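**Q** Before we start, here is the structure in question, set down as structure tokens.
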Amino acid sequence: MITRNPYIANLKAGYLFPEIAKRRREFAASHPEAKIISLGVGNTTELILPHINEGLTEGARRLGTAEGYSGYQDEGMAALREKISSVFYKGKFGIDEIFISDGAKCDIGRLQILFGAGVKIAVQDPSYPVYVDGSVLTGAAGGWESGGGYAGITYLPCTAENNFFPNLDLIPRSCLIYFCSPNNPTGAVADRAQLASLVKAAIDKQCIIIFDAAYSEFIRDSLLPKTIYEIDKAETCAIEVNSFSKPAGFTGVRLGWSVVPKAVKYAGSESGEAAFSVNADWSRIAGTIFNGASNIAQAGGLAALDETGLKEIRELTDFYLGNAKLIRDALVKLGIKCIGGDNSPYIWAHFPGRDSWEVFAEILEKCHVVTTPGAGFGPAGQGFIRFSAFGHRADVEEACGRLRNFVF
Ligand code: PL4
């Protein structure tokens with residue numbers, strides 16, 4: 001018999017989203033009459049719009065023709081990589097700096113292989129659980145400490161007091177910084193000055209940022225940056241991940257990308273001590289343990305990024321932002337303080353002094369609405385509930401009406 005990877009034992013309890021699904025199933029079993037509505041997991045509900053869907057269909061059809069058939073695509077179709085560079089980065093990156101994947105989450109997991117078990121980690125607190133759990137699995141997080149939190153992780157609290165942007169002085173030297181904007185779960189979006197200070201801190205402290213821009217297409221305020229590369233010199237210290245999941249409805253199709261600029265360096269590269277390239281290593285890792293995204297999904301991605309596809313992305317994200325406004329307005333009417341929902345699909349609602357798992361249970365009990373407890377995203381999420389705007393309009397309206405049943 002061989003022994004279990006010891007890092008797996010360092011994971012705390014279950015992964016957040018299956019845990020929410022389990023609690024929903026248990027509630028449904030004990031309340032068979034309840035029509036439960038989910039504003040919990042951020043899973044898309046609306047149909048893939050016609051032009052993008054046609055791209056997917058055509059991609060599948062071509063596979064049955066001699067001239068259209070393709071096999072392994074490894075780092076992705078050159079045409080899609082070029083399109084991503086031009087649509088999202090004004091052509092700033094060559095196609096060898098853009099890697100197509102099966103989603104942002106999968107890239108977040110794989111990217112950690114670049115840095116190994118010895119790297120220090122800093123995360124926004126609260127944060128998307130994959131940054132922490134992924135670091136636990138590679139061994140970088142270390143063990144759970146009795147005071148709460150992992151030994152190898154620096155938590156950067158994002159609270160109402162700091163307007164949900166962390167104190168960058170807390171970031172240790174030479175660490176990997178996970179940063180997500182528009183943020184999951186708080187819905188806060190970092191402005192240009194804030195991102196410039198993050199880039200400066202990363203350069204000064206010789207850190208690398210993994211910037212998760214999975215919700216960038218929800219930004220409506222034209223002054224807010226949609227990518228970290230809008231900030232000068234970010235290409236020297238930041239890797240970015242993004243996804244077709246939420247803007248194009250590809251949560252089940254699976255398509256995303258990472259940008260690993262050649263200018264991002266490991267420690268020691270200046271002196272020639274470690275003349276390794278982060279970009280070349282990422283290419284090597286992708287080539288070794290990943291065989292690329294589905295070519296059907298990539299055909300859909302190409303359609304999503306032409307003129308008509310981009311209009312459909314706008315239409316779909318507008319729809320979810322419409323839901324977000326309804327939820328936020330309903331909460332505000334009940335006197336609940338919240339942020340997010342204007343440039344992001346998440347609303348972060350404050351229930352001061354309350355335990356968020358208790359509030360989650362109470363909303364489920366009284367309103368038959370599933371949410372996500374803030375504490376599931378990290379210690380600073382305690383006292384908050386995340387409402388997701390992914391849902392059918394009629395369900396969202398119904399859920400907003402039912403929230404009145406909850407006496408805050
Ligand atoms: C439930 C900040 C949702 N089973 O679909 P991907 O892999 O391209 O992107 C996943 C992703 C990446 N980055 C951020 C995200 O918020 C997400 C998706 N998060 C949520 O409710 O927080 C879906 C979660 C899914 C999961 O575990 O990711």
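Ordering of the structure tokens sets the chain letters (A, B, ...); residue numbers start at 1 within each chain; ligands are numbered from 1 in the order shown.
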Please identify the residues whose atoms come within 10 Å of ligand 1, using only C-alpha atoms and all ligand atoms, and report them as a ChimeraX atom specification.

**A** /A:15-18,39-44,101-109,127-131,179-185,211-215,241-246,249-257,345-346,371-372,377,386-388,390

**Q** Determine, for each residue of segment 339-361 of chain A having at least one atom at most 12 Å from an atom of segment 190-206 of chain A, the closest pair of atoms and their separation in Å to one decimal, counting only C-alpha atoms; order by chain and ascending number, as a Markdown table.

**A**
```
| residue | atom | partner | partner_atom | distance |
| --- | --- | --- | --- | --- |
| A:Gly340 | CA | A:Ala190 | CA | 11.5 |
| A:Asn343 | CA | A:Ala190 | CA | 10.7 |
| A:Ser344 | CA | A:Ala190 | CA | 11.6 |
```

**Q** Go through A:Lys311, A:His350, A:Lys90, A:His392 and flag the residue nearest Glu46 of chain A, using only C-alpha atoms for the distances.

**A**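 Among the listed residues, A:His392 lies closest to Glu46 of chain A.
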
**Q** Measuring between only C-alpha atoms, which one of A:Leu114, A:Ala248, A:Ala34, A:Ala399 shows the shortest distance to Tyr320 of chain A?

**A** A:Ala248

**Q** Could you pull out all residues of segment 44-240 of chain A with a DSSP call of strand (DSSP E) and give them as JSON, numbers by chain?

**A** {"A": [98, 99, 100, 101, 120, 121, 122, 123, 124, 125, 153, 154, 155, 156, 157, 175, 176, 177, 178, 179, 180, 208, 209, 210, 211, 212, 238, 239, 240]}

**Q** Taking the DSSP assignment computed from this structure's backbone, write out as a list in words all residues of segment 128-222 of chain A that belong to alpha helix (DSSP H).

**A**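 Listing alpha helix (DSSP H) positions across segment 128-222 of chain A yields Pro129, Val130, Tyr131, Val132, Asp133, Gly134, Ser135, Val136, Leu137, Thr138, Arg192, Ala193, Gln194, Leu195, Ala196, Ser197, Leu198, Val199, Lys200, Ala201, Ala202, Ile203 and Asp204 of chain A.
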
**Q** Would you mind listing what lies within 12 Å of Asp355 of chain A as JSON, numbers by chain, with only C-alpha atoms counted and same-chain residues fewer than 6 positions away left out?

**A** {"A": [361, 362, 373, 374, 375, 376, 379, 380, 381, 382, 383, 384, 385]}

**Q** May I have the residues within 9 Å of Lys265 of chain A as a list in words, using only C-alpha atoms and disregarding those fewer than 4 positions away in the same chain?

**A**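 Surrounding residues, per the criterion: Ile208, Thr236, Cys237, Ser269, Glu270, Ala275, Phe276, Ser277, Val278 and Asn279 of chain A.
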
**Q** Got time to write the residues from that selection, N, CA and C atoms, as a PDB file, in the first residue's frame?

**A**
```pdb
ATOM      1  N   ILE A 208       4.895  37.848  -7.592  1.00  0.00           N
ATOM      2  CA  ILE A 208       4.147  37.642  -8.840  1.00  0.00           C
ATOM      3  C   ILE A 208       2.657  37.626  -8.484  1.00  0.00           C
ATOM      4  N   THR A 236       5.347  42.832 -16.248  1.00  0.00           N
ATOM      5  CA  THR A 236       6.593  42.309 -15.671  1.00  0.00           C
ATOM      6  C   THR A 236       6.341  41.493 -14.398  1.00  0.00           C
ATOM      7  N   CYS A 237       5.127  41.593 -13.859  1.00  0.00           N
ATOM      8  CA  CYS A 237       4.906  40.937 -12.556  1.00  0.00           C
ATOM      9  C   CYS A 237       3.570  40.218 -12.455  1.00  0.00           C
ATOM     10  N   SER A 269      16.753  35.963 -12.020  1.00  0.00           N
ATOM     11  CA  SER A 269      16.969  36.066 -13.474  1.00  0.00           C
ATOM     12  C   SER A 269      17.884  37.229 -13.836  1.00  0.00           C
ATOM     13  N   GLU A 270      17.821  38.323 -13.033  1.00  0.00           N
ATOM     14  CA  GLU A 270      18.656  39.490 -13.378  1.00  0.00           C
ATOM     15  C   GLU A 270      20.133  39.124 -13.349  1.00  0.00           C
ATOM     16  N   ALA A 275      18.301  31.377 -15.124  1.00  0.00           N
ATOM     17  CA  ALA A 275      17.888  31.893 -16.431  1.00  0.00           C
ATOM     18  C   ALA A 275      16.715  31.088 -16.982  1.00  0.00           C
ATOM     19  N   PHE A 276      15.723  30.888 -16.145  1.00  0.00           N
ATOM     20  CA  PHE A 276      14.560  30.145 -16.602  1.00  0.00           C
ATOM     21  C   PHE A 276      13.445  31.120 -16.903  1.00  0.00           C
ATOM     22  N   SER A 277      12.603  30.737 -17.817  1.00  0.00           N
ATOM     23  CA  SER A 277      11.518  31.625 -18.200  1.00  0.00           C
ATOM     24  C   SER A 277      10.199  31.068 -17.666  1.00  0.00           C
ATOM     25  N   VAL A 278       9.426  31.920 -16.987  1.00  0.00           N
ATOM     26  CA  VAL A 278       8.122  31.504 -16.470  1.00  0.00           C
ATOM     27  C   VAL A 278       7.249  31.089 -17.650  1.00  0.00           C
ATOM     28  N   ASN A 279       7.300  31.891 -18.716  1.00  0.00           N
ATOM     29  CA  ASN A 279       6.499  31.606 -19.906  1.00  0.00           C
ATOM     30  C   ASN A 279       6.867  30.237 -20.500  1.00  0.00           C
TER      31      ASN A 279
END
```

**Q** In Å, with one decimal, what is the gap from atom CA of Val369 of chain A to atom CA of Trp348 of chain A?

**A**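 A separation of 15.5 Å between them.
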
**Q** Write out as a compact mmCIF listing (two decimals) with N, CA and C atoms, in the first residue's frame the residues lying within 8 Å of Phe406 of chain A, counting only C-alpha atoms and excluding same-chain residues fewer than 5 positions away.

**A**
```txt
# COMPACT_ATOMS: atom_id res chain seq x y z
N GLU A 362 -31.06 30.40 7.91
CA GLU A 362 -32.32 31.10 8.18
C GLU A 362 -32.99 31.55 6.88
N ILE A 363 -32.19 32.03 5.94
CA ILE A 363 -32.77 32.47 4.65
C ILE A 363 -33.35 31.25 3.91
N LYS A 366 -36.64 30.27 5.88
CA LYS A 366 -37.79 31.19 5.81
C LYS A 366 -38.17 31.60 4.39
N CYS A 367 -37.19 31.60 3.48
CA CYS A 367 -37.46 32.11 2.12
C CYS A 367 -37.29 31.02 1.06
```
